[in-house]
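Q: This is the structure I want to talk about, given as structure tokens.
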Amino acid sequence: MLIQVLRNENRDTLAPLCCHRSLAELEMVGTNVNDVILTRWEGAVGDFASTDMLTATIAFWPSKQLLSQLAALPAPWIVADAENQSLAWRSPTGALPENAARIPVDEASFAIRYPWDLLKVHEEVLSEIKESRIEGTVREGAHIDGILILGEGSVVLPGVYMEGVTVIGKNCKIGPNCYFRGNTSLGDNCHVGQAVEVKNSMLMNKVSAGHLSYIGDSIVGSFTNFGAGTITSNFRHDGKNHTSKVCGKLLDTGRRKFGSIIGENVHTGIHTSIYPGRKIWADQCTLPGDIVKHDLTGR
């Protein structure tokens, strides 16, 4: 069984993450989104053993239940969403088959249409990691109360406390005296320093948060620097789901905890406060003491 992943994502709805790069190229859990999607389908290849080709769109995350269902079906077939759009299919040539059985997606599968959908993928991928792997250095005085994947050349300094599942890439400096919890991943060459808390978030390559910051339920693009005291809020006072504006429309994210979506090469001034559900486009800056109440698009 051969697998091909089609890169047909909508960059407008995935902004600001895809201002400079495609969804497929974005770093996630030590690799990129393309490989994460490919690995998801490869996990079922044994069940799909044949000479057919399986084709999937990059912007589709199948549930394990759906994968099991598909493995029991003879080819050809097409997985379709509620609008009858084809999300994945199996055929001898890889072309979209004609007159094939159309299988509806289940509730646990979803399309990656918006940035917060990527958080769902990230959470699920990390929740499936069951064992630690330490290739870097964990100094005496650091406390790992969960699972840690630590890349080569990375160091965890004294006073660091980690809960849940944490994945850290290569050549990162973590601490001293910072706190990780939930399902969190960092790319390569990141720095998370003194009195910084990172919760259930995805940081790409070369992100720096050196001092006194909170990053919660957020995605942070590569080459971004947090000025000291930058805070992402992730909870509404009324406890309702967060909303976020996409292409001029205010959408329900379906998340009660949702922080910020921050593009590449963003620099925040000291004491920047960011309202929940807000997005900052690539290459933007904030001034010291700024309060980000609306998306910063640079337009």
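Letters A, B, ... mark the chains of the structure tokens in the order given; residue numbers begin at 1 per chain; ligand numbers begin at 1, in order shown.
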I'd like the contact shell of Ala142 of chain A - 7 Å cut-off, only C-alpha atoms, skipping same-chain residues fewer than 2 positions apart - returned as an MDAnalysis selection string.
A: chainID A and resid 138:140 144 156:161
Q: Could you list, with a cut-off of 10 Å and counting only C-alpha atoms, the residues of segment 75-154 of chain A near segment 259-278 of chain A, each shown with its nearest atom pair and the distance in Å rounded to one decimal, rows sorted by chain and ascending number, as CSV?
A:
residue,atom,partner,partner_atom,distance
A:Pro115,CA,A:Ile261,CA,7.1
A:Trp116,CA,A:Ile261,CA,8.1
A:Leu119,CA,A:Ile261,CA,9.9
Q: Which one of A:Ser201, A:Ser68, A:Asn177, A:Ser86 sits closest to Leu126 of chain A if you count only C-alpha atoms?
A: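 Checking each candidate against Leu126 of chain A, we get A:Ser201 as the closest.
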Q: Asn189 of chain A: which residues within 6 Å, counting only C-alpha atoms, same-chain residues fewer than 2 positions away excluded, as an NGL selection string?
A: :A and (171-172 or 206)
Q: I'd like to know which of A:Cys247, A:Ala75, A:His122, A:Asp295 is closest to Leu203 of chain A, using only C-alpha atoms.
A: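 Comparing A:Cys247, A:Ala75, A:His122, A:Asp295 against Leu203 of chain A, the winner is A:His122.
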Q: Run DSSP on the backbone of this structure and report the residues of segment 4-160 of chain A it assigns to strand (DSSP E or B), as number ranges by chain.
A: A: 4-6, 27-28, 31-32, 53-57, 60-61, 77-80, 86-91, 101-104, 110-111, 133-134, 137-138, 143-150, 155-156
Q: Find the distance between atom CA of Asp145 of chain A and atom CA of Ser127 of chain A and write it in Å to one decimal.
A: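 So the answer is 14.9 Å.
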